[in-house]
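Q: What follows is data-v6.txt; its format and atoms are compact mmCIF, C-alpha atoms and all ligand atoms.
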```
# COMPACT_ATOMS: atom_id res chain seq x y z
CA MET A 1 102.22 201.42 239.51
CA ALA A 2 99.80 198.52 239.91
CA PHE A 3 101.28 195.38 241.48
CA GLN A 4 101.12 192.33 239.29
CA PRO A 5 102.54 188.98 240.43
CA VAL A 6 104.74 187.31 237.84
CA LYS A 7 103.79 183.70 237.18
CA PHE A 8 106.54 181.17 236.61
CA TYR A 9 104.94 178.25 234.87
CA GLN A 10 108.16 176.41 234.24
CA THR A 11 108.82 174.76 237.55
CA GLY A 12 110.36 171.52 236.32
CA THR A 13 113.75 172.67 235.09
CA PHE A 14 116.90 173.86 236.73
CA THR A 15 117.01 177.01 234.62
CA VAL A 16 114.07 179.06 235.85
CA GLY A 17 111.24 178.15 238.19
CA ASN A 18 112.73 175.16 239.88
CA ARG A 19 115.07 177.38 241.88
CA LEU A 20 112.01 179.21 243.16
CA LEU A 21 110.67 176.04 244.77
CA ALA A 22 111.60 174.68 248.15
CA PRO A 23 114.39 172.07 247.74
CA GLU A 24 112.08 169.17 248.60
CA GLU A 25 109.68 170.23 245.81
CA ARG A 26 112.31 170.36 243.07
CA SER A 27 112.33 167.70 240.41
CA VAL A 28 114.93 164.95 240.48
CA GLN A 29 116.05 165.89 236.97
CA ALA A 30 116.70 169.44 238.15
CA ASN A 31 119.27 168.19 240.65
CA MET A 32 122.77 168.29 239.23
CA ARG A 33 123.56 165.23 241.36
CA ARG A 34 120.89 163.12 239.64
CA THR A 35 122.20 159.74 238.62
CA ASN A 36 121.63 159.93 234.85
CA SER A 37 120.64 156.28 235.15
CA LEU A 38 119.90 156.06 231.43
CA ASN A 39 122.82 157.94 230.00
CA SER A 40 123.18 159.71 226.65
CA GLY A 41 124.45 157.79 223.64
CA HIS A 42 121.65 155.24 223.46
CA ARG A 43 119.93 154.53 220.17
CA ALA A 44 116.28 155.40 220.77
CA CYS A 45 114.50 157.25 217.97
CA GLN A 46 114.24 161.01 218.22
CA GLY A 47 111.28 161.92 220.44
CA CYS A 48 110.98 158.43 221.98
CA GLY A 49 108.56 158.63 224.92
CA GLU A 50 109.89 155.39 226.36
CA ALA A 51 113.45 156.72 226.69
CA LEU A 52 112.16 159.88 228.36
CA GLY A 53 109.87 158.01 230.75
CA ALA A 54 112.57 155.52 231.72
CA ARG A 55 115.11 158.20 232.43
CA TYR A 56 112.75 160.03 234.78
CA ALA A 57 111.38 156.90 236.42
CA ILE A 58 114.72 155.28 237.18
CA ASP A 59 116.45 158.49 238.30
CA ALA A 60 113.54 159.11 240.67
CA ALA A 61 113.76 155.55 242.00
CA MET A 62 117.51 155.91 242.45
CA GLU A 63 117.03 159.05 244.49
CA ALA A 64 114.27 157.48 246.57
CA THR A 65 116.44 154.45 247.41
CA GLN A 66 119.70 156.33 248.02
CA ARG A 67 121.02 154.60 244.91
CA ARG A 68 120.40 151.11 246.21
CA LEU A 69 118.51 149.85 243.19
CA ILE A 70 118.68 146.93 240.76
CA ALA A 71 116.62 146.81 237.55
CA ALA A 72 115.50 143.79 235.54
CA ASN A 73 114.55 144.68 231.96
CA ALA A 74 112.31 142.72 229.61
CA THR A 75 113.36 142.52 225.98
CA GLY A 76 111.89 145.34 223.93
CA CYS A 77 112.91 148.74 222.60
CA LEU A 78 114.12 149.91 226.00
CA GLU A 79 116.53 147.00 226.25
CA VAL A 80 117.62 147.01 222.62
CA PHE A 81 118.26 150.73 222.20
CA SER A 82 120.07 151.01 225.53
CA THR A 83 122.22 147.90 225.54
CA PRO A 84 123.69 146.70 222.24
CA TYR A 85 126.25 144.31 223.75
CA PRO A 86 128.97 145.06 224.81
CA GLU A 87 127.82 148.66 225.27
CA THR A 88 125.18 149.98 227.64
CA SER A 89 123.67 153.33 228.61
CA TRP A 90 122.60 152.12 232.05
CA GLN A 91 124.43 153.58 235.02
CA ILE A 92 122.81 151.19 237.51
CA PRO A 93 122.99 147.45 238.22
CA TRP A 94 120.83 146.25 235.35
CA ILE A 95 119.89 142.74 234.29
CA HIS A 96 118.53 141.70 230.92
CA SER A 97 115.74 139.15 231.29
CA LEU A 98 113.77 137.29 228.67
CA PHE A 99 110.80 138.90 226.92
CA GLY A 100 108.30 137.34 229.30
CA ASN A 101 109.95 136.93 232.69
CA ALA A 102 111.13 140.34 233.95
CA ALA A 103 108.71 140.18 236.90
CA ALA A 104 109.98 136.71 237.88
CA VAL A 105 113.64 137.72 237.57
CA ALA A 106 113.00 140.79 239.71
CA THR A 107 111.19 138.66 242.29
CA GLY A 108 114.25 136.40 242.47
CA ILE A 109 116.57 139.35 242.96
CA ALA A 110 114.38 140.73 245.75
CA ALA A 111 114.34 137.31 247.44
CA ALA A 112 118.12 137.03 247.17
CA MET A 113 118.54 140.47 248.74
CA ARG A 114 116.25 139.47 251.60
CA VAL A 115 118.18 136.25 252.21
CA LYS A 116 121.44 138.19 252.24
CA GLY A 117 120.02 140.63 254.78
CA ARG A 118 120.15 143.43 252.22
CA SER A 119 116.47 144.41 252.15
CA GLU A 120 117.45 148.05 251.74
CA VAL A 121 118.41 147.19 248.14
CA ARG A 122 115.22 147.71 246.13
CA VAL A 123 114.23 146.13 242.84
CA ILE A 124 112.49 147.39 239.71
CA ALA A 125 111.25 145.35 236.77
CA GLN A 126 110.45 147.16 233.55
CA GLY A 127 109.17 146.37 230.10
CA GLY A 128 107.00 147.45 227.19
CA ASP A 129 103.28 146.79 226.93
CA GLY A 130 103.84 143.58 224.95
CA GLY A 131 106.22 142.22 227.60
CA THR A 132 103.77 143.29 230.30
CA THR A 133 100.22 142.73 229.08
CA ASP A 134 100.88 139.72 226.85
CA ILE A 135 103.85 137.40 227.24
CA GLY A 136 104.90 138.54 230.74
CA PHE A 137 101.41 138.74 232.17
CA GLY A 138 101.49 135.40 234.03
CA CYS A 139 104.76 136.23 235.78
CA LEU A 140 103.46 139.69 236.63
CA SER A 141 100.17 138.44 238.03
CA GLY A 142 102.11 135.94 240.17
CA MET A 143 104.35 138.73 241.42
CA PHE A 144 101.24 140.73 242.38
CA GLU A 145 99.53 137.77 244.02
CA ARG A 146 102.59 136.91 246.16
CA ASN A 147 103.02 140.61 246.93
CA ASP A 148 106.72 140.40 246.06
CA ASP A 149 108.71 143.49 246.98
CA VAL A 150 109.15 144.78 243.42
CA LEU A 151 108.07 147.90 241.55
CA TYR A 152 107.04 146.94 238.02
CA VAL A 153 107.07 149.78 235.47
CA CYS A 154 105.28 149.31 232.15
CA TYR A 155 106.18 151.71 229.34
CA ASP A 156 103.04 151.59 227.24
CA ASN A 157 103.61 152.53 223.60
CA GLU A 158 100.58 150.45 222.62
CA ALA A 159 102.30 147.90 220.37
CA TYR A 160 105.37 145.70 219.94
CA MET A 161 107.65 148.42 218.62
CA ASN A 162 111.02 146.73 218.80
CA THR A 163 110.04 144.09 216.26
CA GLY A 164 108.18 146.37 213.84
CA VAL A 165 104.89 147.62 215.31
CA GLN A 166 102.81 144.49 215.86
CA ARG A 167 99.52 144.64 217.78
CA SER A 168 99.59 143.98 221.53
CA SER A 169 96.70 143.63 223.95
CA ALA A 170 97.30 147.30 224.83
CA THR A 171 96.80 148.51 221.24
CA PRO A 172 93.74 150.80 221.17
CA PRO A 173 90.70 150.16 218.98
CA ALA A 174 90.98 151.36 215.36
CA ALA A 175 94.76 151.87 215.54
CA ARG A 176 96.65 150.55 212.55
CA THR A 177 99.68 148.33 213.21
CA ALA A 178 101.69 146.03 210.99
CA THR A 179 99.42 143.12 211.99
CA THR A 180 95.97 144.72 212.10
CA MET A 181 93.53 144.90 209.19
CA ALA A 182 94.93 147.21 206.53
CA VAL A 183 91.78 147.34 204.39
CA GLY A 184 88.07 146.56 204.59
CA PRO A 185 85.11 148.34 206.16
CA GLU A 186 86.88 148.77 209.53
CA PRO A 187 90.65 148.77 209.14
CA GLY A 188 92.84 148.86 212.23
CA ASN A 189 92.49 147.13 215.57
CA VAL A 190 89.13 145.69 216.60
CA PHE A 191 86.94 147.14 219.35
CA GLY A 192 86.24 145.32 222.56
CA GLN A 193 89.51 143.44 222.94
CA GLY A 194 92.67 144.22 224.86
CA LYS A 195 93.52 144.54 228.53
CA ASP A 196 93.30 147.45 230.92
CA LEU A 197 96.30 146.48 233.00
CA PRO A 198 96.15 149.23 235.65
CA ARG A 199 92.63 148.03 236.53
CA ILE A 200 93.78 144.42 236.54
CA ALA A 201 96.61 145.40 238.89
CA ILE A 202 94.13 147.17 241.18
CA ALA A 203 92.00 144.02 241.21
CA HIS A 204 94.98 142.15 242.70
CA GLY A 205 94.72 144.49 245.72
CA ILE A 206 98.44 145.30 245.70
CA PRO A 207 99.73 148.17 247.83
CA TYR A 208 100.21 150.74 245.06
CA VAL A 209 99.15 151.23 241.43
CA ALA A 210 99.57 154.42 239.40
CA THR A 211 99.35 155.70 235.86
CA ALA A 212 101.36 158.59 234.44
CA THR A 213 102.32 160.20 231.14
CA VAL A 214 105.51 161.77 229.87
CA ALA A 215 103.61 165.06 229.56
CA GLU A 216 103.64 165.42 233.35
CA LEU A 217 107.10 164.38 234.38
CA ARG A 218 106.96 165.86 237.87
CA ASP A 219 103.85 163.78 238.49
CA LEU A 220 105.69 160.73 237.18
CA GLU A 221 108.63 161.37 239.50
CA ALA A 222 106.29 161.88 242.46
CA LYS A 223 104.56 158.56 241.76
CA VAL A 224 107.84 156.66 241.57
CA ARG A 225 108.93 158.23 244.85
CA ARG A 226 105.59 157.32 246.40
CA ALA A 227 105.82 153.75 245.10
CA MET A 228 109.18 153.40 246.80
CA GLN A 229 107.64 154.25 250.17
CA PHE A 230 105.65 151.01 250.04
CA ARG A 231 106.87 147.45 250.51
CA GLY A 232 105.34 144.68 248.43
CA ALA A 233 104.17 144.62 244.82
CA ARG A 234 103.71 147.95 243.08
CA TYR A 235 102.82 148.84 239.51
CA ILE A 236 103.23 152.04 237.47
CA HIS A 237 101.86 152.24 233.94
CA ILE A 238 103.40 155.07 231.90
CA PHE A 239 101.93 156.34 228.63
CA VAL A 240 104.88 156.74 226.24
CA PRO A 241 104.17 157.80 222.63
CA CYS A 242 106.30 156.20 219.92
CA PRO A 243 106.81 158.55 216.93
CA LEU A 244 107.87 155.68 214.69
CA GLY A 245 105.00 153.31 215.47
CA TRP A 246 102.27 155.91 215.87
CA GLY A 247 103.33 157.98 212.87
CA HIS A 248 103.61 161.38 214.47
CA ALA A 249 106.31 164.03 214.34
CA SER A 250 109.07 163.45 216.88
CA ASP A 251 108.49 166.86 218.45
CA GLN A 252 104.84 165.96 219.22
CA THR A 253 105.50 163.30 221.88
CA ILE A 254 104.66 165.53 224.85
CA ARG A 255 101.66 167.15 223.14
CA ILE A 256 100.16 163.79 222.24
CA SER A 257 100.66 162.55 225.80
CA ARG A 258 98.87 165.62 227.09
CA LEU A 259 96.03 165.14 224.62
CA ALA A 260 95.62 161.51 225.69
CA LYS A 261 95.00 162.75 229.22
CA GLU A 262 92.93 165.83 228.36
CA THR A 263 90.56 163.85 226.12
CA GLY A 264 90.05 161.20 228.82
CA LEU A 265 91.52 158.40 226.72
CA PHE A 266 94.32 157.84 229.23
CA PRO A 267 93.12 158.39 232.81
CA VAL A 268 95.86 159.42 235.23
CA PHE A 269 95.34 158.21 238.80
CA GLU A 270 96.72 156.43 241.85
CA ALA A 271 95.27 153.45 243.70
CA VAL A 272 96.23 152.19 247.15
CA GLU A 273 95.34 148.72 248.44
CA GLY A 274 92.82 148.12 245.65
CA GLU A 275 91.02 151.50 245.88
CA VAL A 276 91.43 154.49 243.58
CA ALA A 277 92.96 157.13 245.87
CA SER A 278 93.48 160.17 243.63
CA VAL A 279 92.94 161.28 240.05
CA SER A 280 94.50 164.02 237.91
CA LYS A 281 91.58 166.10 236.74
CA ILE A 282 91.22 167.19 233.13
CA ARG A 283 91.74 170.92 232.86
CA ARG A 284 89.81 171.42 229.60
CA LYS A 285 88.03 168.48 228.06
CA LEU A 286 88.99 168.03 224.41
CA PRO A 287 87.32 165.90 221.71
CA VAL A 288 89.19 162.69 220.85
CA THR A 289 89.71 163.92 217.27
CA GLU A 290 92.35 166.32 218.65
CA TYR A 291 94.31 163.32 219.83
CA LEU A 292 93.68 161.06 216.83
CA LYS A 293 94.41 163.48 213.98
CA PRO A 294 98.16 164.00 214.41
CA GLN A 295 98.82 160.22 214.33
CA ARG A 296 99.13 158.31 211.06
CA ARG A 297 97.97 155.10 212.74
CA PHE A 298 94.50 156.72 212.86
CA ALA A 299 94.69 158.46 209.44
CA HIS A 300 92.09 156.06 207.94
CA LEU A 301 89.50 157.60 210.31
CA PHE A 302 89.78 160.92 208.48
CA SER A 303 90.53 159.99 204.86
CA PRO A 304 88.95 158.97 202.57
CA GLY A 305 85.89 160.34 204.33
CA LEU A 306 85.29 160.98 208.00
CA LYS A 307 84.50 157.74 209.90
CA THR A 308 82.05 159.38 212.29
CA GLU A 309 80.74 156.12 213.77
CA VAL A 310 84.20 154.83 214.65
CA ILE A 311 85.22 158.18 216.11
CA ALA A 312 81.99 158.23 218.17
CA ARG A 313 82.90 154.81 219.62
CA ILE A 314 86.34 156.09 220.60
CA GLN A 315 84.73 159.19 222.12
CA ALA A 316 82.47 156.90 224.14
CA ILE A 317 85.55 155.17 225.60
CA ALA A 318 86.97 158.54 226.66
CA ASP A 319 83.62 159.59 228.15
CA ARG A 320 83.38 156.33 230.09
CA ASN A 321 86.85 156.94 231.57
CA ILE A 322 85.83 160.45 232.55
CA ARG A 323 82.74 159.11 234.34
CA ARG A 324 84.49 156.12 235.85
CA TYR A 325 87.37 158.07 237.40
CA GLY A 326 85.56 161.38 237.97
CA LEU A 327 88.07 163.19 235.77
CA LEU A 328 85.94 166.32 235.41
CA GLY A 329 84.49 168.51 238.13
CA ALA A 330 84.37 167.85 241.82
CA GLU A 331 83.00 164.31 241.96
CA GLY A 332 85.32 161.51 243.03
CA PRO A 333 86.25 158.29 241.21
CA GLN A 334 83.57 155.65 240.58
CA PRO A 335 85.60 152.57 239.62
C1 LIG B 401 109.68 134.51 223.51
C2 LIG B 401 110.00 135.65 222.60
N1 LIG B 401 109.17 135.94 221.59
C3 LIG B 401 109.45 136.98 220.78
C4 LIG B 401 110.58 137.74 220.98
C5 LIG B 401 110.88 138.87 220.04
N2 LIG B 401 110.64 140.16 220.63
C6 LIG B 401 111.59 140.85 221.28
S1 LIG B 401 111.07 142.35 221.80
C7 LIG B 401 109.54 142.08 221.14
C8 LIG B 401 108.46 143.13 221.21
C9 LIG B 401 108.54 144.02 222.40
O1 LIG B 401 107.36 144.76 222.49
P1 LIG B 401 107.00 145.54 223.82
O2 LIG B 401 107.12 144.65 225.00
O3 LIG B 401 105.67 146.18 223.62
O4 LIG B 401 108.13 146.62 223.95
P2 LIG B 401 108.51 147.84 222.97
O5 LIG B 401 109.55 147.33 222.02
O6 LIG B 401 107.26 148.29 222.30
O7 LIG B 401 109.05 148.87 223.90
C10 LIG B 401 109.45 140.82 220.55
C11 LIG B 401 108.25 140.30 219.86
C12 LIG B 401 111.42 137.40 222.06
N3 LIG B 401 112.52 138.11 222.35
N4 LIG B 401 111.11 136.34 222.85
S1 LIG B 402 110.45 152.49 217.88
FE1 LIG B 402 109.28 153.77 219.30
S2 LIG B 402 109.65 152.93 221.38
FE2 LIG B 402 111.23 152.14 219.96
S3 LIG B 402 112.97 153.55 220.18
FE3 LIG B 402 111.74 154.25 218.43
S4 LIG B 402 110.31 155.76 219.31
FE4 LIG B 402 111.15 154.57 221.02
```
Write out the structure in this file as structure tokens.
Ligand SMILES: Cc1ncc(C[n+]2csc(CCOP(=O)(O)OP(=O)(O)O)c2C)c(N)n1
Ligand code: SF4

A:
Amino acid sequence: MAFQPVKFYQTGTFTVGNRLLAPEERSVQANMRRTNSLNSGHRACQGCGEALGARYAIDAAMEATQRRLIAANATGCLEVFSTPYPETSWQIPWIHSLFGNAAAVATGIAAAMRVKGRSEVRVIAQGGDGGTTDIGFGCLSGMFERNDDVLYVCYDNEAYMNTGVQRSSATPPAARTATTMAVGPEPGNVFGQGKDLPRIAIAHGIPYVATATVAELRDLEAKVRRAMQFRGARYIHIFVPCPLGWGHASDQTIRISRLAKETGLFPVFEAVEGEVASVSKIRRKLPVTEYLKPQRRFAHLFSPGLKTEVIARIQAIADRNIRRYGLLGAEGPQP
């Protein structure tokens, strides 16, 4: 009988393939002694990418620090669905900050730990894209510039979800929100505005910057672990679909994350000391329509009538990312 190797694709769970990997290659979530930092019982919507990303990120950070971790959390969905006072789903020392000052609060905690001679206790700040790219941006930039010993994690769901889907400076062009144009020749968010925060973080020259999606959770864990090997300011930007705000089915969160990467709209990479150090290549380049169609926030691009010009502009953004980061083929990044 011909020999045929059996492929185990599922290497991220405890049930099948993970047990086939060497222990050091297994995912944190596959370990029965994981911390469950964000425990069950919270009130996130079904299919919430932010809840998934936070669980993986914080459990990975807990493992990397031997459970010596404190988190400061900006106001936003992550804070509100996890901690309706007096209850909480957090199983770690966790501090609620204001909407705009999570980076500053985390900096203060790190300084206090240093003064107490407890530098082994590490600090994370976390928030949504509104708390990060808009109101908290000054505190974050200061944290980067001082190179404070904090890992900042941004969960990017591309709008202010907690307060009802308002536009943020991370909302993509043409996306409809509660505060973008509902009617007219070009409804949705305008082109040419917004902030590319991973690139802004790189421009600060901090030790470590990475992007990740909830479609590749092992990659996300690996980046959190890597971030914890550095001292100084670090930044991880995680793409987290929001079924409620984006108008997609709750079982499509992972697929939409994967499409964001495979179209080139969300480049996945790492940067060290201001230089792009590695990129996750696109396996099969897909047109942006594959990503846009399942989301109601882009429905006006397809009905009534196909908005070919707008779609072409979005495709051009994806193509620029592909060129800029060398996401296809053998060539390296060209930031
Ligand atoms: C100074 C201030 N302005 C406004 C608010 C109200 N507020 C709380 S959370 C939030 C939006 C959070 O959006 P984002 O940071 O993107 O996180 P998400 O809910 O999307 O995860 C707003 C406007 C506030 N708490 N403080
Ligand atoms: S509104 Fe969006 S980000 Fe907030 S809990 Fe629901 S799915 Fe998650």

Q: What separation in Å, quoted to one decimal, exists between CA of Phe266 in chain A and CA of Ile317 in chain A?

A: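 Interatomic distance here is 9.9 Å.
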
Q: Within 8 Å of (86.9, 153.4, 207.9) in the file's own coordinates, which protein, DNA or RNA residues have an atom, counting all atoms listed in the file? List them as a PDB file with C-alpha atoms, in the frame of the given file.

A:
```pdb
ATOM      1  CA  GLY A 184      88.070 146.560 204.590  1.00  0.00           C
ATOM      2  CA  PRO A 185      85.110 148.340 206.160  1.00  0.00           C
ATOM      3  CA  GLU A 186      86.880 148.770 209.530  1.00  0.00           C
ATOM      4  CA  PRO A 187      90.650 148.770 209.140  1.00  0.00           C
ATOM      5  CA  HIS A 300      92.090 156.060 207.940  1.00  0.00           C
ATOM      6  CA  LEU A 301      89.500 157.600 210.310  1.00  0.00           C
ATOM      7  CA  PRO A 304      88.950 158.970 202.570  1.00  0.00           C
ATOM      8  CA  GLY A 305      85.890 160.340 204.330  1.00  0.00           C
ATOM      9  CA  LEU A 306      85.290 160.980 208.000  1.00  0.00           C
ATOM     10  CA  LYS A 307      84.500 157.740 209.900  1.00  0.00           C
ATOM     11  CA  VAL A 310      84.200 154.830 214.650  1.00  0.00           C
TER      12      VAL A 310
END
```

Q: A:Arg297, A:Asp149, A:Ala71, A:Ile311: which is nearest Thr180 in chain A, counting only C-alpha atoms?

A: A:Arg297

Q: Select the residues contacting ligand LIG 401 (chain B) at a distance of at most 9 Å, based on all atoms listed in the file, then format the selection as a VMD selection string.

A: chain A and resid 50 74 to 80 98 to 100 127 to 136 154 to 168 170 242 245

Q: Which residues, written as a short mmCIF file (atom, residue, chain, number, x, y, z; two decimals) with C-alpha atoms, in the coordinates of the input, have at least one atom at most 6 Å from Ser250 in chain A, with all atoms listed in the file counted and residues fewer than 6 positions away on the same chain left out?

A:
```cif
data_model
loop_
_atom_site.label_atom_id
_atom_site.label_comp_id
_atom_site.auth_asym_id
_atom_site.auth_seq_id
_atom_site.Cartn_x
_atom_site.Cartn_y
_atom_site.Cartn_z
CA GLN A 46 114.24 161.01 218.22
CA GLY A 47 111.28 161.92 220.44
CA PRO A 243 106.81 158.55 216.93
#
```

Q: Near Lys281 in chain A, counting all atoms listed in the file, which residues have an atom at most 8 Å away, once you skip same-chain residues fewer than 6 positions from it, shown as an MDAnalysis selection string?

A: chainID A and resid 326:329
